[in-house]
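Asker: File model.tsv below, TSV, C-alpha atoms:
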chain	number	residue	atom	x	y	z
A	6	MET	CA	-1.76	18.70	-79.58
A	7	THR	CA	-5.37	18.45	-80.71
A	8	ASP	CA	-8.32	20.06	-78.96
A	9	THR	CA	-9.42	16.65	-77.70
A	10	ASP	CA	-6.01	16.03	-76.13
A	11	LYS	CA	-6.10	19.47	-74.49
A	12	LYS	CA	-9.55	18.80	-73.05
A	13	ARG	CA	-8.47	15.37	-71.82
A	14	ARG	CA	-5.38	16.86	-70.18
A	15	TRP	CA	-7.46	19.61	-68.57
A	16	ILE	CA	-9.93	17.08	-67.16
A	17	ILE	CA	-7.10	14.95	-65.78
A	18	ASN	CA	-5.49	17.99	-64.13
A	19	VAL	CA	-8.77	19.12	-62.58
A	20	ALA	CA	-9.51	15.61	-61.29
A	21	PHE	CA	-5.99	15.31	-59.87
A	22	TYR	CA	-6.09	18.60	-57.97
A	23	ALA	CA	-9.67	17.95	-56.82
A	24	MET	CA	-8.49	14.63	-55.41
A	25	LEU	CA	-5.64	16.41	-53.63
A	26	LEU	CA	-8.11	18.87	-52.08
A	27	VAL	CA	-10.36	16.05	-50.89
A	28	LEU	CA	-7.41	14.14	-49.43
A	29	GLY	CA	-6.18	17.31	-47.74
A	30	PHE	CA	-9.58	17.90	-46.18
A	31	LEU	CA	-9.85	14.30	-44.99
A	32	PHE	CA	-6.36	14.50	-43.55
A	33	TYR	CA	-7.20	17.70	-41.66
A	34	LYS	CA	-10.51	16.25	-40.45
A	35	TYR	CA	-9.32	12.85	-39.24
A	36	ALA	CA	-5.51	12.68	-39.09
A	37	PHE	CA	-4.24	16.20	-38.34
A	38	GLY	CA	-4.34	15.80	-34.56
A	39	VAL	CA	-2.52	12.48	-34.66
A	40	CYS	CA	0.14	13.70	-37.10
A	41	PHE	CA	0.62	17.14	-35.55
A	42	PRO	CA	3.63	16.15	-33.37
A	43	ILE	CA	5.38	14.77	-36.47
A	44	MET	CA	4.63	17.86	-38.57
A	45	PHE	CA	5.63	20.22	-35.77
A	46	ALA	CA	8.89	18.31	-35.23
A	47	PHE	CA	9.66	18.57	-38.95
A	48	PHE	CA	8.91	22.31	-38.87
A	49	VAL	CA	11.35	22.68	-35.96
A	50	ALA	CA	13.94	20.70	-37.91
A	51	VAL	CA	13.57	23.04	-40.89
A	52	ILE	CA	14.10	26.24	-38.88
A	53	LEU	CA	16.99	24.77	-36.87
A	54	GLN	CA	19.20	23.80	-39.81
A	55	ARG	CA	21.15	27.05	-39.77
A	56	PRO	CA	21.73	27.03	-35.98
A	57	LYS	CA	22.78	23.36	-36.15
A	58	ASN	CA	25.19	23.96	-39.02
A	59	PHE	CA	26.58	27.05	-37.27
A	60	ILE	CA	27.28	25.05	-34.09
A	61	MET	CA	28.94	22.27	-36.09
A	62	LYS	CA	31.04	24.79	-38.00
A	63	LYS	CA	32.25	26.73	-34.96
A	64	THR	CA	32.73	23.80	-32.58
A	65	PRO	CA	33.93	20.19	-32.79
A	66	ILE	CA	30.47	19.00	-31.67
A	67	LYS	CA	28.99	16.20	-33.75
A	68	LYS	CA	25.72	16.40	-35.65
A	69	GLY	CA	23.54	14.51	-33.17
A	70	PHE	CA	24.59	16.54	-30.14
A	71	ALA	CA	24.42	19.81	-32.12
A	72	SER	CA	20.85	18.97	-33.13
A	73	THR	CA	19.85	18.16	-29.54
A	74	LEU	CA	21.50	21.36	-28.33
A	75	SER	CA	19.61	23.39	-30.96
A	76	VAL	CA	16.24	21.85	-30.04
A	77	PHE	CA	16.65	22.41	-26.30
A	78	GLY	CA	17.98	25.91	-26.93
A	79	LEU	CA	14.83	26.70	-28.90
A	80	MET	CA	12.71	25.25	-26.08
A	81	LEU	CA	14.45	27.43	-23.50
A	82	ILE	CA	13.93	30.53	-25.64
A	83	ALA	CA	10.23	29.69	-26.12
A	84	ALA	CA	9.80	29.04	-22.38
A	85	ALA	CA	11.49	32.36	-21.56
A	86	ILE	CA	9.17	34.22	-23.94
A	87	VAL	CA	6.11	32.57	-22.40
A	88	VAL	CA	7.26	33.37	-18.87
A	89	LEU	CA	8.42	36.95	-19.53
A	90	ILE	CA	5.67	38.04	-21.92
A	91	GLY	CA	2.87	35.48	-21.80
A	92	VAL	CA	1.99	35.78	-18.12
A	93	ARG	CA	1.97	39.57	-18.20
A	94	ALA	CA	-0.01	39.60	-21.45
A	95	ALA	CA	-2.59	37.22	-19.95
A	96	GLU	CA	-3.05	39.56	-16.98
A	97	GLU	CA	-3.40	42.57	-19.27
A	98	ILE	CA	-5.93	40.80	-21.51
A	99	LYS	CA	-7.97	39.69	-18.48
A	100	GLY	CA	-8.02	43.24	-17.16
A	101	PHE	CA	-8.96	44.58	-20.59
A	102	ILE	CA	-11.86	42.12	-20.87
A	103	ASP	CA	-13.07	43.18	-17.41
A	104	TYR	CA	-12.83	46.82	-18.50
A	105	VAL	CA	-14.86	46.20	-21.66
A	106	THR	CA	-17.43	44.21	-19.66
A	107	VAL	CA	-17.88	47.10	-17.24
A	108	GLN	CA	-18.23	49.56	-20.10
A	109	PHE	CA	-21.09	47.57	-21.62
A	110	SER	CA	-22.72	46.30	-18.46
A	111	ASN	CA	-25.32	49.08	-18.28
A	112	VAL	CA	-27.42	48.23	-21.31
A	113	ASP	CA	-30.21	50.65	-20.40
A	114	ALA	CA	-27.84	53.59	-20.31
A	115	ILE	CA	-26.43	52.67	-23.71
A	116	ILE	CA	-29.94	52.32	-25.19
A	117	ASN	CA	-30.98	55.70	-23.77
A	118	THR	CA	-27.82	57.35	-25.10
A	119	VAL	CA	-28.29	55.93	-28.58
A	120	GLU	CA	-31.98	56.89	-28.62
A	121	THR	CA	-31.23	60.45	-27.51
A	122	PHE	CA	-28.52	60.79	-30.15
A	123	ILE	CA	-30.79	59.55	-32.95
A	124	LEU	CA	-33.77	61.64	-31.84
A	125	THR	CA	-31.58	64.75	-31.62
A	126	THR	CA	-30.27	64.13	-35.13
A	127	VAL	CA	-33.74	63.42	-36.55
A	128	GLY	CA	-35.12	66.55	-34.84
A	129	LYS	CA	-33.02	68.68	-37.17
A	130	LEU	CA	-34.94	67.39	-40.20
A	131	PRO	CA	-38.08	69.12	-41.57
A	132	GLU	CA	-41.03	68.87	-39.19
A	133	PHE	CA	-43.25	66.63	-41.35
A	134	ILE	CA	-40.39	64.09	-41.55
A	135	SER	CA	-39.09	64.38	-37.99
A	136	GLU	CA	-42.52	63.80	-36.38
A	137	THR	CA	-43.12	60.51	-38.16
A	138	ALA	CA	-39.54	59.38	-37.68
A	139	THR	CA	-39.58	60.29	-33.98
A	140	GLU	CA	-42.71	58.20	-33.37
A	141	SER	CA	-41.21	55.18	-35.13
A	142	ILE	CA	-37.86	55.51	-33.35
A	143	THR	CA	-39.52	55.91	-29.94
A	144	ALA	CA	-41.71	52.84	-30.52
A	145	LEU	CA	-38.68	50.83	-31.65
A	146	PHE	CA	-36.60	51.70	-28.59
A	147	THR	CA	-39.59	51.06	-26.30
A	148	GLN	CA	-39.86	47.54	-27.68
A	149	LEU	CA	-36.10	47.13	-27.30
A	150	ARG	CA	-36.27	48.16	-23.62
A	151	GLU	CA	-39.17	45.74	-23.02
A	152	PHE	CA	-37.21	42.93	-24.64
A	153	VAL	CA	-34.11	43.64	-22.54
A	154	ALA	CA	-36.19	43.99	-19.36
A	155	GLY	CA	-38.09	40.77	-20.11
A	156	THR	CA	-34.86	38.89	-20.69
A	157	ALA	CA	-33.36	40.23	-17.48
A	158	THR	CA	-36.52	39.20	-15.54
A	159	GLU	CA	-37.08	35.79	-17.10
A	160	LEU	CA	-33.51	34.58	-16.80
A	161	PRO	CA	-33.36	34.63	-12.97
A	162	GLU	CA	-36.85	33.07	-12.82
A	163	GLN	CA	-35.79	30.27	-15.14
A	164	ILE	CA	-32.68	29.68	-13.06
A	165	GLY	CA	-34.73	29.79	-9.86
A	166	GLY	CA	-37.30	27.38	-11.29
A	167	LEU	CA	-34.59	24.81	-11.63
A	168	SER	CA	-33.73	24.98	-7.94
A	169	GLY	CA	-36.36	22.43	-6.98
A	170	LYS	CA	-35.18	20.00	-9.60
A	171	ILE	CA	-31.50	20.06	-8.72
A	172	ASN	CA	-29.95	16.75	-7.83
A	173	LEU	CA	-26.44	15.42	-7.55
A	174	SER	CA	-26.19	15.12	-11.33
A	175	TRP	CA	-25.01	18.72	-11.52
A	176	ILE	CA	-21.83	17.63	-9.80
A	177	ALA	CA	-21.20	15.04	-12.48
A	178	THR	CA	-20.37	17.54	-15.20
A	179	PRO	CA	-17.40	19.27	-13.54
A	180	ILE	CA	-16.15	15.98	-12.08
A	181	THR	CA	-16.39	14.34	-15.49
A	182	GLY	CA	-14.50	17.26	-16.99
A	183	VAL	CA	-11.74	17.02	-14.40
A	184	ILE	CA	-11.46	13.25	-14.86
A	185	SER	CA	-11.41	13.63	-18.64
A	186	THR	CA	-8.68	16.27	-18.45
A	187	ALA	CA	-6.68	14.23	-15.96
A	188	SER	CA	-6.95	11.14	-18.14
A	189	ARG	CA	-5.53	13.07	-21.07
A	190	ILE	CA	-2.47	14.33	-19.17
A	191	PRO	CA	-0.38	11.17	-19.82
A	192	SER	CA	-1.28	11.37	-23.53
A	193	ILE	CA	-0.28	15.06	-23.64
A	194	ILE	CA	3.02	14.33	-21.88
A	195	ILE	CA	3.75	11.48	-24.28
A	196	SER	CA	2.98	13.73	-27.27
A	197	ILE	CA	5.33	16.44	-25.96
A	198	VAL	CA	8.14	13.95	-25.31
A	199	VAL	CA	7.67	12.33	-28.74
A	200	THR	CA	7.69	15.77	-30.41
A	201	ILE	CA	10.95	16.74	-28.69
A	202	VAL	CA	12.66	13.44	-29.51
A	203	LEU	CA	11.41	13.56	-33.11
A	204	ALA	CA	12.64	17.15	-33.46
A	205	CYS	CA	16.12	16.08	-32.32
A	206	PHE	CA	16.26	13.14	-34.76
A	207	MET	CA	14.75	15.07	-37.69
A	208	THR	CA	17.09	18.01	-37.14
A	209	ALA	CA	20.05	15.64	-37.26
A	210	ASP	CA	18.79	13.64	-40.27
A	211	TYR	CA	17.19	16.51	-42.18
A	212	ASP	CA	19.31	15.98	-45.30
A	213	LEU	CA	18.46	12.28	-45.34
A	214	ILE	CA	14.73	13.06	-45.00
A	215	MET	CA	14.82	15.57	-47.86
A	216	ARG	CA	16.71	13.14	-50.13
A	217	PHE	CA	14.06	10.51	-49.41
A	218	ILE	CA	11.28	12.95	-50.28
A	219	TYR	CA	12.97	14.03	-53.51
A	220	CYS	CA	13.45	10.42	-54.59
A	221	GLN	CA	9.69	9.88	-54.49
A	222	PHE	CA	9.26	12.31	-57.42
A	223	PRO	CA	10.07	11.49	-61.06
A	224	LYS	CA	13.54	12.58	-62.09
A	225	ASP	CA	12.24	15.27	-64.45
A	226	LYS	CA	10.13	16.80	-61.64
A	227	ARG	CA	12.83	17.04	-58.97
A	228	LYS	CA	14.14	20.35	-60.26
A	229	ASP	CA	10.63	21.80	-60.07
A	230	VAL	CA	10.25	20.52	-56.50
A	231	THR	CA	13.56	22.10	-55.49
A	232	ARG	CA	12.66	25.36	-57.24
A	233	ALA	CA	9.21	25.40	-55.60
A	234	LYS	CA	10.77	24.89	-52.17
A	235	VAL	CA	13.27	27.71	-52.65
A	236	LEU	CA	10.65	29.99	-54.18
A	237	LEU	CA	8.06	29.47	-51.43
A	238	LYS	CA	10.63	29.71	-48.66
A	239	MET	CA	12.07	32.93	-50.04
A	240	ASN	CA	8.84	34.73	-50.95
A	241	LEU	CA	6.68	33.61	-48.02
A	242	GLY	CA	9.56	34.40	-45.67
A	243	LYS	CA	9.80	37.89	-47.13
A	244	MET	CA	6.02	38.32	-46.87
A	245	ALA	CA	6.02	37.18	-43.21
A	246	LYS	CA	8.78	39.67	-42.38
A	247	ALA	CA	6.95	42.41	-44.27
A	248	TYR	CA	3.68	41.88	-42.42
A	249	ALA	CA	5.53	41.62	-39.12
A	250	LEU	CA	7.02	45.05	-39.82
A	251	ILE	CA	3.56	46.37	-40.76
A	252	MET	CA	2.20	45.03	-37.45
A	253	ILE	CA	5.02	46.76	-35.57
A	254	VAL	CA	4.33	50.02	-37.39
A	255	THR	CA	0.57	49.79	-36.71
A	256	PHE	CA	1.18	48.90	-33.05
A	257	THR	CA	3.49	51.89	-32.65
A	258	GLU	CA	1.03	54.27	-34.31
A	259	VAL	CA	-1.95	53.12	-32.23
A	260	PHE	CA	0.09	53.07	-29.03
A	261	ILE	CA	1.39	56.61	-29.58
A	262	GLY	CA	-2.03	57.88	-30.71
A	263	LEU	CA	-3.88	56.48	-27.67
A	264	THR	CA	-1.11	57.71	-25.37
A	265	ILE	CA	-1.54	61.23	-26.75
A	266	LEU	CA	-5.33	60.99	-26.29
A	267	LYS	CA	-4.73	59.87	-22.69
A	268	MET	CA	-2.27	62.71	-22.04
A	269	ILE	CA	-4.81	65.33	-23.16
A	270	GLY	CA	-7.52	63.73	-21.02
A	271	LEU	CA	-9.73	62.19	-23.71
A	272	PHE	CA	-8.90	58.54	-22.94
A	273	ASN	CA	-8.76	57.07	-19.44
A	274	SER	CA	-7.95	53.38	-19.96
A	275	SER	CA	-4.73	51.70	-18.80
A	276	TYR	CA	-4.83	49.00	-21.48
A	277	ILE	CA	-3.27	50.93	-24.35
A	278	ALA	CA	-0.73	48.19	-25.16
A	279	VAL	CA	-3.41	45.47	-25.35
A	280	ILE	CA	-5.60	47.60	-27.63
A	281	ALA	CA	-2.60	48.37	-29.85
A	282	VAL	CA	-1.67	44.68	-30.12
A	283	VAL	CA	-5.24	43.61	-30.98
A	284	THR	CA	-5.53	46.40	-33.57
A	285	ALA	CA	-2.20	45.46	-35.16
A	286	ILE	CA	-3.26	41.79	-35.44
A	287	VAL	CA	-6.65	42.66	-36.94
A	288	ASP	CA	-4.96	45.12	-39.31
A	289	VAL	CA	-3.04	42.38	-41.15
A	290	ILE	CA	-6.04	40.04	-41.46
A	291	PRO	CA	-7.22	40.11	-45.09
A	292	VAL	CA	-10.30	42.26	-45.82
A	293	LEU	CA	-10.58	43.54	-42.21
A	294	GLY	CA	-8.08	46.20	-41.16
A	295	THR	CA	-7.78	48.88	-38.48
A	296	GLY	CA	-11.23	50.26	-39.23
A	297	THR	CA	-12.85	47.09	-37.87
A	298	ILE	CA	-11.91	48.25	-34.36
A	299	VAL	CA	-11.33	51.99	-34.59
A	300	LEU	CA	-14.41	53.07	-36.59
A	301	PRO	CA	-17.07	51.39	-34.35
A	302	TRP	CA	-15.19	52.75	-31.35
A	303	ALA	CA	-15.26	56.26	-32.84
A	304	ALA	CA	-19.00	55.93	-33.59
A	305	TYR	CA	-19.66	54.83	-30.01
A	306	SER	CA	-17.67	57.83	-28.73
A	307	PHE	CA	-19.73	60.25	-30.81
A	308	ILE	CA	-23.01	58.66	-29.70
A	309	THR	CA	-22.06	58.80	-26.02
A	310	GLY	CA	-21.07	62.45	-26.29
A	311	ASN	CA	-17.28	61.98	-26.18
A	312	ILE	CA	-16.76	64.07	-29.30
A	313	GLY	CA	-13.07	64.70	-28.67
A	314	MET	CA	-12.32	60.98	-28.39
A	315	GLY	CA	-14.32	60.27	-31.55
A	316	ILE	CA	-12.40	62.91	-33.52
A	317	GLY	CA	-9.11	61.63	-32.11
A	318	LEU	CA	-9.93	58.06	-33.17
A	319	LEU	CA	-10.86	59.20	-36.69
A	320	VAL	CA	-7.57	61.09	-36.96
A	321	LEU	CA	-5.76	57.98	-35.72
A	322	TYR	CA	-7.57	55.80	-38.29
A	323	VAL	CA	-6.71	58.15	-41.16
A	324	THR	CA	-3.07	58.30	-40.03
A	325	VAL	CA	-2.72	54.51	-39.79
A	326	THR	CA	-4.44	54.00	-43.16
A	327	VAL	CA	-2.34	56.58	-45.00
A	328	ILE	CA	0.94	55.31	-43.56
A	329	ARG	CA	-0.01	51.71	-44.40
A	330	GLN	CA	-0.82	52.65	-47.98
A	331	ILE	CA	2.66	54.16	-48.24
A	332	VAL	CA	4.56	51.43	-46.38
A	333	GLU	CA	2.83	48.24	-47.56
A	334	PRO	CA	3.66	48.45	-51.30
A	335	LYS	CA	7.33	48.91	-50.43
A	336	LEU	CA	7.41	45.97	-48.04
A	337	VAL	CA	5.09	43.41	-49.63
A	338	ALA	CA	5.85	42.13	-53.11
A	339	GLY	CA	3.01	43.07	-55.44
A	340	GLN	CA	2.97	39.74	-57.24
A	341	LEU	CA	2.08	37.92	-54.03
A	342	GLY	CA	-1.10	39.88	-53.47
A	343	LEU	CA	-4.53	38.47	-54.21
A	344	PRO	CA	-7.55	40.43	-55.45
A	345	PRO	CA	-9.81	41.34	-52.51
A	346	PHE	CA	-12.69	39.19	-53.78
A	347	VAL	CA	-10.40	36.14	-54.06
A	348	THR	CA	-9.14	36.74	-50.52
A	349	LEU	CA	-12.70	37.05	-49.23
A	350	ILE	CA	-13.76	33.84	-51.00
A	351	ALA	CA	-10.74	32.00	-49.55
A	352	MET	CA	-11.57	33.26	-46.05
A	353	TYR	CA	-15.23	32.23	-46.37
A	354	LEU	CA	-14.42	28.77	-47.73
A	355	GLY	CA	-11.72	28.32	-45.08
A	356	LEU	CA	-14.19	29.20	-42.34
A	357	LYS	CA	-16.85	26.82	-43.66
A	358	ILE	CA	-14.55	23.89	-44.46
A	359	ILE	CA	-11.84	24.06	-41.80
A	360	GLY	CA	-13.09	26.47	-39.15
A	361	VAL	CA	-11.57	29.59	-37.63
A	362	LEU	CA	-8.05	28.54	-38.63
A	363	GLY	CA	-9.24	28.31	-42.21
A	364	VAL	CA	-9.68	32.09	-42.29
A	365	PHE	CA	-5.89	32.33	-42.15
A	366	ILE	CA	-4.80	29.04	-43.74
A	367	LEU	CA	-6.76	29.11	-47.01
A	368	PRO	CA	-5.64	32.63	-48.10
A	369	ILE	CA	-2.02	31.54	-47.50
A	370	ILE	CA	-2.59	28.40	-49.59
A	371	ALA	CA	-4.16	30.56	-52.31
A	372	ILE	CA	-1.09	32.84	-52.29
A	373	MET	CA	1.22	29.81	-52.56
A	374	LEU	CA	-0.78	28.38	-55.50
A	375	LYS	CA	-0.75	31.76	-57.25
A	376	LEU	CA	2.99	32.06	-56.78
A	377	LEU	CA	3.69	28.55	-58.13
A	378	ASN	CA	1.27	29.06	-61.03
A	379	ASP	CA	2.84	32.41	-61.98
A	380	GLU	CA	6.28	30.76	-62.02
A	381	GLY	CA	5.04	27.92	-64.25
A	382	ILE	CA	5.77	25.18	-61.71
A	383	ILE	CA	2.11	24.17	-61.72
A	384	ASP	CA	-0.54	24.87	-64.33
A	385	LEU	CA	-3.91	25.43	-62.65
A	386	TRP	CA	-5.15	28.42	-64.65
A	387	LYS	CA	-4.03	30.73	-67.43
A	388	SER	CA	-2.48	34.00	-66.36
A	389	PRO	CA	-4.01	36.94	-68.32
A	390	SER	CA	-0.65	38.66	-68.63
A	391	LYS	CA	1.01	35.54	-70.08
A	392	VAL	CA	-1.89	34.92	-72.48
A	393	MET	CA	-1.69	38.53	-73.74
A	394	VAL	CA	2.06	38.22	-74.28
A	395	GLN	CA	1.65	34.94	-76.16
A	396	GLU	CA	-1.13	36.36	-78.34
A	397	SER	CA	0.91	39.46	-79.13
A	398	GLN	CA	3.90	37.29	-80.11
A	399	GLU	CA	1.72	35.14	-82.37
A	400	GLU	CA	0.40	38.21	-84.12
Rewrite the structure from the file as structure tokens, please.
Answerer:
Amino acid sequence: MTDTDKKRRWIINVAFYAMLLVLGFLFYKYAFGVCFPIMFAFFVAVILQRPKNFIMKKTPIKKGFASTLSVFGLMLIAAAIVVLIGVRAAEEIKGFIDYVTVQFSNVDAIINTVETFILTTVGKLPEFISETATESITALFTQLREFVAGTATELPEQIGGLSGKINLSWIATPITGVISTASRIPSIIISIVVTIVLACFMTADYDLIMRFIYCQFPKDKRKDVTRAKVLLKMNLGKMAKAYALIMIVTFTEVFIGLTILKMIGLFNSSYIAVIAVVTAIVDVIPVLGTGTIVLPWAAYSFITGNIGMGIGLLVLYVTVTVIRQIVEPKLVAGQLGLPPFVTLIAMYLGLKIIGVLGVFILPIIAIMLKLLNDEGIIDLWKSPSKVMVQESQEE
């Protein structure tokens, strides 16, 4: 193959994958909501194949009824989880939000505490430095207090100034919202019913659907499609289980650590479980980690004079970090990992292109592409390790 042919092939590949990205974005932007019931039903069909086959193997029930039984069984399990855990979790989260709101409601007290802490720290510096720094810090916090006080004064006045201009139009907004929501209820019910029915049919005809999909690919590519499916299912499944275990480990560590701090009188909140859950979720988000929550909390504890709590949180952070560094390499396959800068780029692009969901979706897509590229199923970029091996063999 000549250099011209290689360049032509590279341009065609880049154009092809760029077109796929554009089509994917357009689909997400304009067709995702409409197609979501179909995609969700297919996802349900995929995960219910083993239960359906198990029912058919152990009982004389036919495929259609076994599929319907599997779908409704999954629905009952999901409903039970929502009822048993969801309601209680919602109450805990509401209480936790109220607790955090109360903690930060007194802005003046927080400003005074921070100013005192900084001035005390600066006062330990040499006199010629501390005097200048103290004046600047005092002036800064004075302006900050004036700004907060001005905002607190102007806001009620602005609200009060509107009192003479109020008419019945203010009622229109909530009524319009209620009417809009009510008008969407039939559509929501129809979508739910369609999703359930589709899930039953797709679960029953899953093999037929997959054969149809495979037939759309050229014969020489079907093996690659099958291999990609098995590879992604196996590796991403393992990765999901691994991160679920990491979340459980982090939750347990934070829960035990905060419980100990509460037992010795350093922590007085009743929302330990909620804090542990939030920390565990943040811990598995790429680039973030436990420090996103624990370190600012420890800094706030030191500033407000709760030295014991601050030290306890730092010890907790070190413990969680050390254990994760030991556990994660053993649970998560190394070849699936992405360099931190690639993960950060994927999160940023996902946020800008897709939105909040993109922070999670695009890194997963990047991992899938890396996995397929490393296995040679697709050829998007050259792997340095493979290039070095090839060059060493040529030499």
Asker: Could you work out how far CA of Lys234 in chain A lies from CA of Lys62 in chain A, giving the answer in Å with one decimal?
Answerer: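 Taking CA of Lys62 in chain A as the start and CA of Lys234 in chain A as the end point, the length is 24.7 Å.
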Asker: Give the answer as one residue: which of A:Val347, A:Met244, A:Val282, A:Leu145 has the shortest atom-to-atom distance to Ala94 in chain A, using only C-alpha atoms?
Answerer: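 Among the listed residues, A:Val282 lies closest to Ala94 in chain A.
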Asker: Can you list every residue of range 258-353 of chain A that has an atom at most 10 Å from range 113-132 of chain A, with its nearest atom pair and the distance in Å to one decimal, using all atoms listed in the file, ordered by chain then number, as a Markdown table?
Answerer:
| residue | atom | partner | partner_atom | distance |
| --- | --- | --- | --- | --- |
| A:Tyr305 | CA | A:Val119 | CA | 8.8 |
| A:Phe307 | CA | A:Phe122 | CA | 8.8 |
| A:Ile308 | CA | A:Phe122 | CA | 5.9 |
| A:Thr309 | CA | A:Thr118 | CA | 6.0 |
| A:Gly310 | CA | A:Thr118 | CA | 8.5 |
Asker: Quick one: pull the distance between CA of Val325 in chain A and CA of Thr295 in chain A, Å, one decimal.
Answerer: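 That distance, rounded to one decimal, is 7.7 Å.
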Asker: Return as AutoDock Vina command-line options the centre and edge lengths, in Å with one decimal, of the box along x, y and z that encloses every atom of range 267-286 of chain A in the file, padded by 5 Å per side.
Answerer:
--center_x -5.2 --center_y 53.6 --center_z -27.1 --size_x 19.0 --size_y 33.5 --size_z 26.6
Asker: Give as a PDB file with C-alpha atoms, in the coordinates of the input the set of residues within 6 Å of the point (19.3, 27.1, -38.1), where distances use the file's coordinates and all atoms listed in the file.
Answerer:
ATOM      1  CA  ILE A  52      14.100  26.240 -38.880  1.00  0.00           C
ATOM      2  CA  LEU A  53      16.990  24.770 -36.870  1.00  0.00           C
ATOM      3  CA  GLN A  54      19.200  23.800 -39.810  1.00  0.00           C
ATOM      4  CA  ARG A  55      21.150  27.050 -39.770  1.00  0.00           C
ATOM      5  CA  PRO A  56      21.730  27.030 -35.980  1.00  0.00           C
ATOM      6  CA  LYS A  57      22.780  23.360 -36.150  1.00  0.00           C
TER       7      LYS A  57
END
Asker: Pick the closest to Thr297 in chain A from A:Pro42, A:Gly355, A:Val283, A:Ile261: which is it, counting all atoms listed in the file?
Answerer: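 Counting all atoms listed in the file, the residue closest to Thr297 in chain A is A:Val283.
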Asker: Counting all atoms listed in the file, figure out which residue out of A:Leu367, A:Val254, A:Leu321, A:Ile359 gets nearest to Phe30 in chain A.
Answerer: A:Ile359
Asker: Of the residues A:Ile201, A:Gly313, A:Asp229, A:Gly381, which is the one nearest to Leu271 in chain A, using all atoms listed in the file?
Answerer: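 Using all atoms listed in the file, the shortest distance to Leu271 in chain A belongs to A:Gly313.
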Asker: Using only C-alpha atoms, which residue out of A:Val51, A:Cys40, A:Cys205, A:Leu213 lies closest to Val76 in chain A?
Answerer: A:Cys205
Asker: Report, in Å to a single decimal, how far apart CA of Phe365 in chain A and CA of Ile286 in chain A are.
Answerer: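 Taking CA of Ile286 in chain A and CA of Phe365 in chain A, their separation equals 11.9 Å.
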